[in-house]
>>> print(open('structure08.cif').read())   # mmCIF, C-alpha atoms
data_input
#
loop_
_atom_site.label_atom_id
_atom_site.label_comp_id
_atom_site.auth_asym_id
_atom_site.auth_seq_id
_atom_site.Cartn_x
_atom_site.Cartn_y
_atom_site.Cartn_z
CA MET A 1 4.64 56.78 -129.19
CA PRO A 2 1.60 59.04 -129.03
CA THR A 3 1.57 62.27 -131.07
CA PHE A 4 0.90 65.57 -129.46
CA GLY A 5 -2.86 65.93 -129.17
CA LEU A 6 -5.74 67.41 -127.20
CA MET A 7 -4.99 65.24 -124.15
CA HIS A 8 -1.48 66.63 -123.98
CA LEU A 9 -2.73 70.18 -124.39
CA GLN A 10 -5.06 69.57 -121.46
CA PHE A 11 -2.16 68.38 -119.33
CA LEU A 12 -0.20 71.49 -120.28
CA LEU A 13 -3.12 73.71 -119.31
CA GLN A 14 -3.30 71.98 -115.92
CA GLY A 15 0.37 72.76 -115.50
CA ALA A 16 -0.41 76.35 -116.47
CA LEU A 17 -2.96 76.54 -113.67
CA TRP A 18 -0.26 75.50 -111.22
CA THR A 19 2.05 78.13 -112.72
CA ILE A 20 -0.64 80.72 -112.08
CA ALA A 21 -1.15 79.44 -108.53
CA LEU A 22 2.56 79.54 -107.73
CA SER A 23 2.86 83.01 -109.32
CA ALA A 24 0.00 84.31 -107.19
CA CYS A 25 1.46 82.84 -103.98
CA ALA A 26 4.91 84.17 -104.86
CA PHE A 27 3.45 87.62 -105.52
CA LEU A 28 1.50 87.76 -102.25
CA GLY A 29 4.32 86.34 -100.12
CA GLY A 30 6.88 88.48 -101.91
CA ALA A 31 4.73 91.59 -101.50
CA LEU A 32 4.48 91.13 -97.73
CA MET A 33 8.19 90.40 -97.52
CA GLY A 34 9.00 93.32 -99.81
CA LEU A 35 6.95 95.75 -97.72
CA LEU A 36 8.73 94.61 -94.57
CA ILE A 37 12.14 94.90 -96.19
CA ALA A 38 11.36 98.32 -97.70
CA LEU A 39 10.18 99.70 -94.35
CA CYS A 40 13.32 98.32 -92.68
CA ARG A 41 15.47 99.95 -95.34
CA VAL A 42 14.01 103.39 -94.60
CA SER A 43 13.84 102.86 -90.86
CA ALA A 44 15.50 105.23 -88.43
CA LEU A 45 17.14 102.24 -86.71
CA ALA A 46 20.54 101.39 -88.23
CA PRO A 47 20.47 97.64 -87.39
CA LEU A 48 17.18 97.23 -89.28
CA ARG A 49 18.57 99.10 -92.25
CA GLY A 50 21.72 96.97 -92.20
CA MET A 51 19.89 93.65 -91.98
CA ALA A 52 17.50 94.54 -94.78
CA SER A 53 20.35 95.73 -96.95
CA ALA A 54 22.33 92.53 -96.34
CA TYR A 55 19.26 90.45 -97.17
CA ILE A 56 18.79 92.25 -100.49
CA GLN A 57 22.49 91.98 -101.44
CA ILE A 58 22.63 88.25 -100.66
CA VAL A 59 19.41 87.28 -102.42
CA GLN A 60 20.21 89.36 -105.48
CA GLY A 61 23.62 87.69 -105.69
CA VAL A 62 22.33 84.11 -105.67
CA PRO A 63 20.53 82.43 -108.61
CA LEU A 64 16.86 81.71 -107.98
CA LEU A 65 17.49 78.08 -108.94
CA VAL A 66 19.94 77.74 -106.05
CA ILE A 67 17.38 79.30 -103.70
CA MET A 68 14.82 76.79 -104.98
CA PHE A 69 17.21 73.88 -104.28
CA ALA A 70 17.96 75.30 -100.85
CA GLY A 71 14.26 75.36 -100.09
CA TYR A 72 13.33 72.00 -101.57
CA PHE A 73 16.33 69.97 -100.36
CA GLY A 74 17.49 72.10 -97.48
CA LEU A 75 14.29 72.31 -95.48
CA PRO A 76 13.75 68.53 -95.21
CA ALA A 77 17.42 68.20 -94.21
CA LEU A 78 16.59 70.54 -91.32
CA GLY A 79 13.71 68.30 -90.42
CA VAL A 80 10.93 70.36 -92.01
CA GLY A 81 9.03 68.29 -94.57
CA VAL A 82 7.39 70.43 -97.21
CA SER A 83 5.46 69.84 -100.40
CA PRO A 84 6.96 71.13 -103.67
CA LEU A 85 4.37 73.92 -103.77
CA ILE A 86 5.25 75.18 -100.29
CA ALA A 87 8.99 74.88 -100.91
CA ALA A 88 8.69 76.69 -104.22
CA THR A 89 6.48 79.39 -102.68
CA LEU A 90 8.93 79.99 -99.85
CA SER A 91 11.87 80.19 -102.23
CA MET A 92 10.07 82.59 -104.51
CA THR A 93 8.88 84.67 -101.56
CA VAL A 94 12.48 85.12 -100.47
CA TRP A 95 13.51 86.03 -104.02
CA VAL A 96 10.59 88.33 -104.88
CA GLY A 97 10.81 89.97 -101.44
CA ALA A 98 14.35 91.15 -102.14
CA TYR A 99 13.46 92.74 -105.47
CA PHE A 100 10.22 94.30 -104.26
CA GLY A 101 11.98 95.52 -101.12
CA GLU A 102 14.62 97.35 -103.11
CA PHE A 103 12.15 98.65 -105.67
CA TRP A 104 9.64 99.90 -103.12
CA ARG A 105 12.36 101.49 -100.99
CA GLY A 106 13.19 103.52 -104.08
CA ALA A 107 9.52 104.42 -104.53
CA ILE A 108 9.26 105.55 -100.89
CA GLN A 109 12.40 107.65 -101.16
CA ALA A 110 11.20 109.16 -104.42
CA VAL A 111 8.37 110.87 -102.54
CA PRO A 112 9.64 114.46 -102.08
CA ARG A 113 11.24 115.32 -98.75
CA ALA A 114 8.81 118.25 -98.55
CA GLN A 115 5.91 115.82 -98.14
CA TRP A 116 7.59 114.28 -95.08
CA GLU A 117 8.16 117.75 -93.63
CA ALA A 118 4.62 118.91 -94.27
CA ALA A 119 3.24 115.81 -92.54
CA GLU A 120 5.70 116.20 -89.65
CA CYS A 121 4.70 119.84 -89.15
CA LEU A 122 1.05 118.82 -88.85
CA ALA A 123 2.09 116.82 -85.74
CA LEU A 124 1.46 113.40 -87.34
CA THR A 125 3.40 110.53 -85.75
CA SER A 126 6.03 108.82 -87.90
CA THR A 127 3.72 105.82 -88.40
CA GLN A 128 0.85 108.08 -89.49
CA ARG A 129 3.19 109.96 -91.83
CA MET A 130 4.40 106.73 -93.40
CA PHE A 131 1.02 105.06 -93.88
CA LYS A 132 -1.26 108.02 -94.63
CA VAL A 133 1.01 110.32 -96.61
CA ILE A 134 4.12 108.63 -97.93
CA ILE A 135 3.05 105.07 -98.77
CA PRO A 136 -0.06 106.10 -100.76
CA GLN A 137 2.16 108.26 -102.93
CA ALA A 138 4.86 105.60 -103.15
CA ILE A 139 2.24 103.07 -104.29
CA ARG A 140 1.23 105.34 -107.16
CA ASN A 141 4.88 105.59 -108.20
CA ALA A 142 5.58 101.89 -107.77
CA THR A 143 2.49 100.32 -109.37
CA PRO A 144 3.57 100.19 -113.04
CA GLY A 145 6.96 98.67 -112.19
CA THR A 146 5.47 96.23 -109.72
CA VAL A 147 2.94 94.98 -112.26
CA GLY A 148 5.75 94.74 -114.79
CA PHE A 149 7.78 92.59 -112.39
CA MET A 150 4.89 90.13 -112.24
CA VAL A 151 5.98 89.06 -115.71
CA GLN A 152 9.37 88.12 -114.25
CA ILE A 153 7.63 86.21 -111.47
CA VAL A 154 5.54 84.17 -113.91
CA LYS A 155 8.56 83.33 -116.05
CA ASN A 156 10.74 82.43 -113.08
CA THR A 157 8.21 80.01 -111.67
CA SER A 158 9.51 77.75 -114.45
CA LEU A 159 12.52 77.05 -112.20
CA ALA A 160 10.20 75.24 -109.82
CA SER A 161 10.17 72.49 -112.44
CA ALA A 162 13.65 71.55 -111.18
CA VAL A 163 12.20 70.66 -107.79
CA SER A 164 9.46 68.33 -108.98
CA PHE A 165 6.78 70.95 -109.02
CA VAL A 166 4.50 70.15 -111.95
CA ASP A 167 4.12 73.60 -113.41
CA LEU A 168 3.78 74.40 -117.09
CA THR A 169 7.47 73.80 -117.84
CA ARG A 170 7.59 70.47 -116.01
CA ALA A 171 4.38 69.42 -117.73
CA GLY A 172 6.04 70.21 -121.03
CA GLN A 173 9.08 68.10 -120.09
CA LEU A 174 6.88 65.18 -119.09
CA ILE A 175 4.92 65.33 -122.32
CA ASN A 176 8.10 65.58 -124.35
CA ASN A 177 9.42 62.46 -122.61
CA SER A 178 6.26 60.70 -123.69
CA THR A 179 5.78 62.01 -127.25
CA PHE A 180 9.37 62.84 -128.24
CA GLN A 181 8.07 65.89 -130.12
CA PRO A 182 10.00 68.70 -128.45
CA PHE A 183 9.39 71.32 -131.10
CA ILE A 184 5.63 71.34 -130.99
CA THR A 185 5.53 70.66 -127.25
CA PHE A 186 7.74 73.54 -126.24
CA THR A 187 6.28 75.90 -128.83
CA VAL A 188 2.90 75.37 -127.20
CA VAL A 189 4.46 75.84 -123.75
CA ALA A 190 6.07 79.09 -124.90
CA LEU A 191 2.78 80.25 -126.38
CA ILE A 192 0.93 79.62 -123.13
CA TYR A 193 3.59 81.51 -121.14
CA PHE A 194 3.27 84.39 -123.61
CA LEU A 195 -0.50 84.46 -123.19
CA LEU A 196 -0.02 84.65 -119.42
CA CYS A 197 2.63 87.36 -119.52
CA TYR A 198 1.49 89.63 -122.33
CA PRO A 199 -1.67 90.98 -120.60
CA LEU A 200 0.49 91.85 -117.55
CA SER A 201 2.90 93.80 -119.78
CA VAL A 202 0.03 95.66 -121.39
CA LEU A 203 -1.51 96.46 -118.00
CA SER A 204 1.80 97.71 -116.70
CA ARG A 205 2.25 99.96 -119.73
CA ARG A 206 -1.32 101.31 -119.42
CA LEU A 207 -0.81 102.10 -115.71
CA GLU A 208 2.43 103.88 -116.53
CA LEU A 209 0.70 106.06 -119.13
CA ARG A 210 -2.28 106.77 -116.87
CA LEU A 211 -0.03 107.83 -114.02
CA ALA A 212 2.02 110.09 -116.28
CA ARG A 213 -1.18 111.70 -117.52
CA GLY A 214 -2.51 112.24 -114.02
CA VAL A 215 0.49 114.19 -112.81
CA ARG A 216 0.10 117.77 -114.01
CA GLY A 217 2.19 120.60 -112.61
CA ALA A 218 4.11 120.50 -109.32
CA MET B 1 17.93 140.16 -91.79
CA GLY B 2 14.95 141.31 -89.77
CA PRO B 3 15.00 143.78 -86.90
CA VAL B 4 17.28 143.05 -83.94
CA VAL B 5 15.20 143.96 -80.91
CA GLN B 6 16.45 144.63 -77.41
CA PHE B 7 13.94 143.47 -74.85
CA ALA B 8 14.13 144.36 -71.19
CA ASP B 9 12.49 141.33 -69.53
CA ALA B 10 13.37 137.96 -71.04
CA SER B 11 10.14 136.02 -70.81
CA SER B 12 7.04 138.10 -71.11
CA ALA B 13 3.92 135.98 -71.13
CA ASN B 14 2.81 137.84 -74.22
CA ASP B 15 5.78 136.66 -76.29
CA ILE B 16 4.81 133.72 -78.42
CA VAL B 17 8.18 133.42 -80.16
CA VAL B 18 11.51 134.47 -78.66
CA LEU B 19 14.88 134.13 -80.37
CA ARG B 20 18.02 135.20 -78.57
CA ASP B 21 21.49 135.19 -80.14
CA VAL B 22 20.69 132.32 -82.49
CA HIS B 23 23.47 130.94 -84.68
CA LYS B 24 23.00 128.41 -87.46
CA ARG B 25 25.46 127.24 -90.02
CA PHE B 26 25.19 124.83 -92.95
CA GLY B 27 28.63 123.38 -93.52
CA SER B 28 30.99 126.32 -93.79
CA VAL B 29 28.29 128.92 -94.36
CA GLU B 30 26.96 130.70 -91.28
CA VAL B 31 23.39 131.68 -92.17
CA LEU B 32 22.17 133.04 -88.83
CA LYS B 33 24.77 135.09 -87.01
CA GLY B 34 23.44 135.92 -83.58
CA VAL B 35 19.80 136.67 -84.48
CA SER B 36 17.44 137.94 -81.80
CA PHE B 37 13.79 138.94 -82.04
CA GLN B 38 10.46 138.24 -80.48
CA VAL B 39 6.90 138.01 -81.77
CA ARG B 40 4.11 139.08 -79.42
CA ARG B 41 0.64 137.64 -79.29
CA GLY B 42 -1.49 138.99 -82.12
CA GLU B 43 1.50 140.52 -83.88
CA VAL B 44 2.38 139.94 -87.52
CA MET B 45 6.13 140.06 -87.83
CA VAL B 46 7.49 140.21 -91.35
CA LEU B 47 11.03 139.10 -92.11
CA ILE B 48 12.21 140.83 -95.25
CA GLY B 49 15.56 140.15 -96.85
CA LYS B 50 17.21 139.07 -100.05
CA SER B 51 17.66 135.42 -101.01
CA GLY B 52 20.07 133.61 -98.79
CA SER B 53 19.70 136.04 -95.92
CA GLY B 54 18.39 133.33 -93.62
CA LYS B 55 14.70 134.19 -93.38
CA SER B 56 13.45 130.69 -94.22
CA THR B 57 16.14 129.20 -91.99
CA ALA B 58 14.92 131.30 -89.08
CA LEU B 59 11.33 130.13 -89.61
CA ARG B 60 12.41 126.51 -90.00
CA CYS B 61 14.37 126.80 -86.74
CA ILE B 62 11.23 128.09 -85.01
CA ASP B 63 9.37 124.93 -86.02
CA ARG B 64 12.42 122.76 -85.26
CA LEU B 65 12.82 121.62 -88.86
CA GLU B 66 16.40 122.73 -88.29
CA LYS B 67 18.37 122.62 -85.05
CA VAL B 68 20.23 125.76 -84.04
CA ASP B 69 23.92 125.57 -83.25
CA LYS B 70 23.88 128.16 -80.51
CA GLY B 71 21.39 130.45 -78.83
CA HIS B 72 17.97 130.31 -77.24
CA ILE B 73 14.61 129.80 -78.89
CA GLN B 74 11.36 129.65 -77.02
CA VAL B 75 8.08 129.10 -78.83
CA CYS B 76 4.73 129.00 -77.04
CA GLY B 77 6.53 128.09 -73.85
CA HIS B 78 8.55 125.25 -75.45
CA VAL B 79 12.30 125.68 -75.18
CA LEU B 80 13.63 124.37 -78.48
CA THR B 81 17.17 123.78 -77.32
CA ASP B 82 15.92 121.52 -74.52
CA PRO B 83 16.81 117.87 -75.29
CA GLY B 84 13.58 116.76 -73.64
CA LEU B 85 11.48 118.79 -76.04
CA LYS B 86 8.28 117.13 -77.21
CA LEU B 87 8.32 117.80 -80.95
CA ARG B 88 4.71 116.81 -81.53
CA GLN B 89 3.54 119.18 -78.79
CA LEU B 90 5.48 121.97 -80.46
CA ARG B 91 3.96 121.17 -83.84
CA LEU B 92 0.47 121.35 -82.34
CA ASP B 93 1.15 124.96 -81.33
CA VAL B 94 3.03 126.03 -84.44
CA GLY B 95 1.63 125.97 -87.96
CA ILE B 96 3.85 126.41 -90.98
CA VAL B 97 2.86 127.12 -94.57
CA PHE B 98 5.48 126.41 -97.22
CA GLN B 99 6.39 128.24 -100.41
CA SER B 100 5.83 125.06 -102.42
CA TYR B 101 2.42 124.40 -100.80
CA ASN B 102 3.26 120.71 -100.10
CA LEU B 103 -0.34 119.62 -100.32
CA PHE B 104 -0.83 115.83 -100.30
CA PRO B 105 -1.55 115.02 -103.96
CA HIS B 106 -3.41 111.76 -103.32
CA LEU B 107 -6.07 113.45 -101.14
CA THR B 108 -8.82 115.95 -101.94
CA ILE B 109 -8.48 119.43 -100.48
CA ALA B 110 -11.01 118.60 -97.78
CA ASP B 111 -9.17 115.36 -96.90
CA ASN B 112 -5.87 117.26 -96.84
CA ILE B 113 -7.35 119.59 -94.24
CA MET B 114 -9.08 116.84 -92.23
CA LEU B 115 -6.13 114.43 -92.09
CA ALA B 116 -4.31 115.92 -89.11
CA PRO B 117 -7.37 116.79 -86.97
CA ARG B 118 -8.67 113.24 -87.43
CA SER B 119 -5.35 111.44 -86.93
CA VAL B 120 -3.80 113.62 -84.23
CA LYS B 121 -6.76 115.15 -82.40
CA LYS B 122 -8.91 112.06 -82.97
CA MET B 123 -11.83 114.14 -84.26
CA SER B 124 -14.78 112.32 -85.73
CA LYS B 125 -15.37 112.58 -89.46
CA ALA B 126 -18.37 114.89 -88.92
CA GLN B 127 -16.47 117.26 -86.62
CA ALA B 128 -13.45 117.35 -88.90
CA SER B 129 -15.66 117.91 -91.90
CA SER B 130 -17.31 120.99 -90.42
CA LEU B 131 -13.92 122.27 -89.25
CA ALA B 132 -12.58 121.86 -92.77
CA ALA B 133 -15.60 123.72 -94.16
CA GLN B 134 -14.89 126.60 -91.75
CA CYS B 135 -11.23 126.77 -92.71
CA LEU B 136 -12.04 126.64 -96.40
CA ALA B 137 -14.53 129.49 -95.95
CA GLN B 138 -11.87 131.48 -94.13
CA VAL B 139 -9.56 131.26 -97.15
CA GLY B 140 -12.32 131.58 -99.72
CA LEU B 141 -12.08 128.05 -101.16
CA SER B 142 -15.39 126.52 -100.09
CA GLU B 143 -16.25 125.32 -103.59
CA LYS B 144 -12.94 123.43 -103.97
CA ALA B 145 -13.41 120.99 -101.10
CA ASP B 146 -13.65 117.92 -103.34
CA ALA B 147 -11.02 118.95 -105.86
CA TYR B 148 -7.52 117.50 -105.96
CA PRO B 149 -4.47 119.76 -105.51
CA GLU B 150 -3.40 119.35 -109.14
CA GLN B 151 -6.70 120.87 -110.26
CA LEU B 152 -6.09 124.12 -108.37
CA SER B 153 -4.11 127.18 -109.39
CA GLY B 154 -1.00 128.17 -107.46
CA GLY B 155 -2.82 130.78 -105.43
CA GLN B 156 -5.60 128.35 -104.59
CA GLN B 157 -3.12 125.68 -103.54
CA GLN B 158 -1.33 128.18 -101.32
CA ARG B 159 -4.63 129.19 -99.67
CA ALA B 160 -5.44 125.50 -99.23
CA GLY B 161 -2.09 125.09 -97.51
CA ILE B 162 -3.00 127.92 -95.15
CA ALA B 163 -6.39 126.33 -94.45
CA ARG B 164 -4.69 123.02 -93.67
CA SER B 165 -2.45 124.67 -91.08
CA LEU B 166 -5.35 126.65 -89.62
CA ALA B 167 -7.35 123.47 -89.06
CA MET B 168 -4.94 122.47 -86.29
CA GLN B 169 -5.67 125.80 -84.56
CA PRO B 170 -2.04 126.78 -83.98
CA LYS B 171 -1.04 129.57 -81.61
CA VAL B 172 1.37 130.96 -84.19
CA LEU B 173 1.43 130.63 -87.97
CA LEU B 174 4.70 130.72 -89.88
CA LEU B 175 4.46 131.76 -93.52
CA ASP B 176 7.56 130.87 -95.50
CA GLU B 177 7.66 132.99 -98.67
CA VAL B 178 4.05 132.06 -99.36
CA THR B 179 3.58 134.63 -102.12
CA SER B 180 7.02 134.37 -103.71
CA ALA B 181 6.10 131.66 -106.20
CA LEU B 182 2.91 133.40 -107.33
CA ASP B 183 2.28 135.96 -110.04
CA PRO B 184 0.84 139.34 -108.94
CA GLN B 185 -2.77 138.39 -109.60
CA LEU B 186 -2.57 135.25 -107.46
CA LYS B 187 -0.48 137.02 -104.81
CA GLY B 188 -3.42 139.31 -104.12
CA GLU B 189 -5.82 136.55 -103.11
CA VAL B 190 -3.28 135.09 -100.66
CA LEU B 191 -2.51 138.56 -99.24
CA ARG B 192 -6.19 139.13 -98.56
CA VAL B 193 -6.33 135.88 -96.56
CA ILE B 194 -3.29 136.88 -94.52
CA GLU B 195 -4.80 140.32 -93.84
CA ARG B 196 -8.01 138.71 -92.62
CA LEU B 197 -6.10 136.37 -90.34
CA ALA B 198 -4.19 139.31 -88.90
CA GLU B 199 -7.44 141.16 -88.28
CA ASP B 200 -8.73 138.08 -86.47
CA GLY B 201 -5.70 138.27 -84.16
CA MET B 202 -3.58 135.35 -85.41
CA THR B 203 0.07 135.67 -84.39
CA MET B 204 2.16 135.29 -87.53
CA SER B 205 5.73 135.39 -88.69
CA TRP B 206 6.11 135.88 -92.40
CA SER B 207 9.24 135.78 -94.51
CA ARG B 208 9.36 137.47 -97.89
CA THR B 209 11.84 138.72 -100.40
CA ARG B 210 10.22 142.14 -100.82
#
>>> encode(input="structure08.cif", output="structure tokens")
Amino acid sequence: MPTFGLMHLQFLLQGALWTIALSACAFLGGALMGLLIALCRVSALAPLRGMASAYIQIVQGVPLLVIMFAGYFGLPALGVGVSPLIAATLSMTVWVGAYFGEFWRGAIQAVPRAQWEAAECLALTSTQRMFKVIIPQAIRNATPGTVGFMVQIVKNTSLASAVSFVDLTRAGQLINNSTFQPFITFTVVALIYFLLCYPLSVLSRRLELRLARGVRGA
Amino acid sequence: MGPVVQFADASSANDIVVLRDVHKRFGSVEVLKGVSFQVRRGEVMVLIGKSGSGKSTALRCIDRLEKVDKGHIQVCGHVLTDPGLKLRQLRLDVGIVFQSYNLFPHLTIADNIMLAPRSVKKMSKAQASSLAAQCLAQVGLSEKADAYPEQLSGGQQQRAGIARSLAMQPKVLLLDEVTSALDPQLKGEVLRVIERLAEDGMTMSWSRTR
């Protein structure tokens, strides 16, 4: 029974790289999905609003683990064979998309009505209003919270371990099965997660302060 | 509310804005009760009344930010009660300046002014830039082109708002309580801009409390 050593640490760090990769894919996929959902939620067309709203309600009411299982076991059952990375990315995209969609809808609606009117009265089309006036302001509002949510994304990638994806958590489990030293193994795993998440928290806090400083007066 | 004017012939070619028996209510409160007036080309028509008298509502109806319940409004040849009305065409002819400036905070003053000419009129950056410089000179803000709205005083922001509307070369300019939020010193600089515009022949409709 080997004791926890440098070789095991290396294996954990490899797992951490996969955690980072999955987090990045989840963030990008979720961001695209979230933007689509947010725009549907503020659309003038009621069916779009309804579908986006239903999507958010359903995804927020189902555990991410279940969504992961649905992706990893469900897709092959439908005849679509996917690797654990793809399945995990798709599941996380669905999950992140719902949260970003709701959050960014709020950021869009937090832009004062007067800005919409001013843009409308300058004869801008609704697309021009949205992309040149409203979204830039919504992004400023949404950035700290979005960066903060990245911490949740990183932590929740650990659920991919349940679908054979060898991320940091799964790597920890595998090492524990080999060394039977759970305390040191999982303490190191926790430490590595902390080192990944803490800079994101700090960045989010800094952005929040910088934005608050930048807004002076009306 | 403002003067109720009887006019003999309904559509004189010189009338930029015509309101006839306009009614507008918000919920149970009727704000405009059969309002009629017209604004001729080159005229500055001032709507004076206390708060709640419907002056802003009248201006907002002229730019179709609100829909009237009853009555006839014609602006620059567009009939506002017509269901086939092209809103964007109307907004090209009508400029409106708001009491709360409503400048776009993420853009510099120059970019604020250039946004619509570039996006709507498809002007090149160079053309829009020189247009913006002209408009800024007209309101006396040439040195603030690269500043952001939050760096300007209230009076400067209001003048920037006027410049932004002027850049689209409207046929009529609506000024909604543009000096009401300013202290006397800042009011003066905005008044001077309005005077100059009037001298240059801009048709304007201006609502104020006093």
>>> resolve_selection(input="structure08.cif", expression="the PyMOL selection byres ((chain B and resi 74) around 8)", output="short mmCIF file (atom, residue, chain, number, x, y, z; two decimals) with C-alpha atoms, keeping the file's coordinate frame")
data_model
loop_
_atom_site.label_atom_id
_atom_site.label_comp_id
_atom_site.auth_asym_id
_atom_site.auth_seq_id
_atom_site.Cartn_x
_atom_site.Cartn_y
_atom_site.Cartn_z
CA ILE B 16 4.81 133.72 -78.42
CA VAL B 17 8.18 133.42 -80.16
CA VAL B 18 11.51 134.47 -78.66
CA LEU B 19 14.88 134.13 -80.37
CA HIS B 72 17.97 130.31 -77.24
CA ILE B 73 14.61 129.80 -78.89
CA VAL B 75 8.08 129.10 -78.83
CA CYS B 76 4.73 129.00 -77.04
CA GLY B 77 6.53 128.09 -73.85
CA HIS B 78 8.55 125.25 -75.45
CA VAL B 79 12.30 125.68 -75.18
CA LEU B 80 13.63 124.37 -78.48
#
>>> resolve_selection(input="structure08.cif", expression="the PyMOL selection byres ((chain B) within 7 of (chain A))", output="list in words")
Arg88, Arg91, Leu92, Gly95, Ile96, Asn102, Phe104, His106, Ala116, Val120 and Glu150 of chain B
>>> atom_distance(input="structure08.cif", atom1="CA of Leu197 in chain B", atom2="CA of Thr81 in chain B")
29.5 Å
>>> resolve_selection(input="structure08.cif", expression="the PyMOL selection byres ((chain A and resi 182-196) around 9)", output="PyMOL selection string")
chain A and resi 4+8-9+12-13+16+20+151+154-155+168-169+171-173+175-177+179-181+197-200
>>> residues_around(input="structure08.cif", residues="Leu207 in chain A", least_positions_apart="2", cutoff="10 Å", atoms="all atoms listed in the file", output="list in words")
Arg140, Thr143, Pro144, Gly145, Val147, Gly148, Ser201, Val202, Leu203, Ser204, Arg205, Leu209, Arg210, Leu211, Ala212 and Arg213 of chain A
>>> atom_distance(input="structure08.cif", atom1="CA of Glu66 in chain B", atom2="CA of Leu175 in chain B")
15.9 Å
>>> residues_near_point(input="structure08.cif", point="(11.0, 132.1, -91.0)", cutoff="9 Å", atoms="all atoms listed in the file", output="list of chain:residue names")
B:Val46, B:Leu47, B:Gly54, B:Lys55, B:Ser56, B:Thr57, B:Ala58, B:Leu59, B:Arg60, B:Cys61, B:Ile62, B:Asp63, B:Leu174, B:Leu175, B:Asp176, B:Glu177, B:Ser205, B:Trp206, B:Ser207, B:Arg208
>>> atom_distance(input="structure08.cif", atom1="CA of Ser180 in chain B", atom2="CA of Phe98 in chain B")
10.4 Å
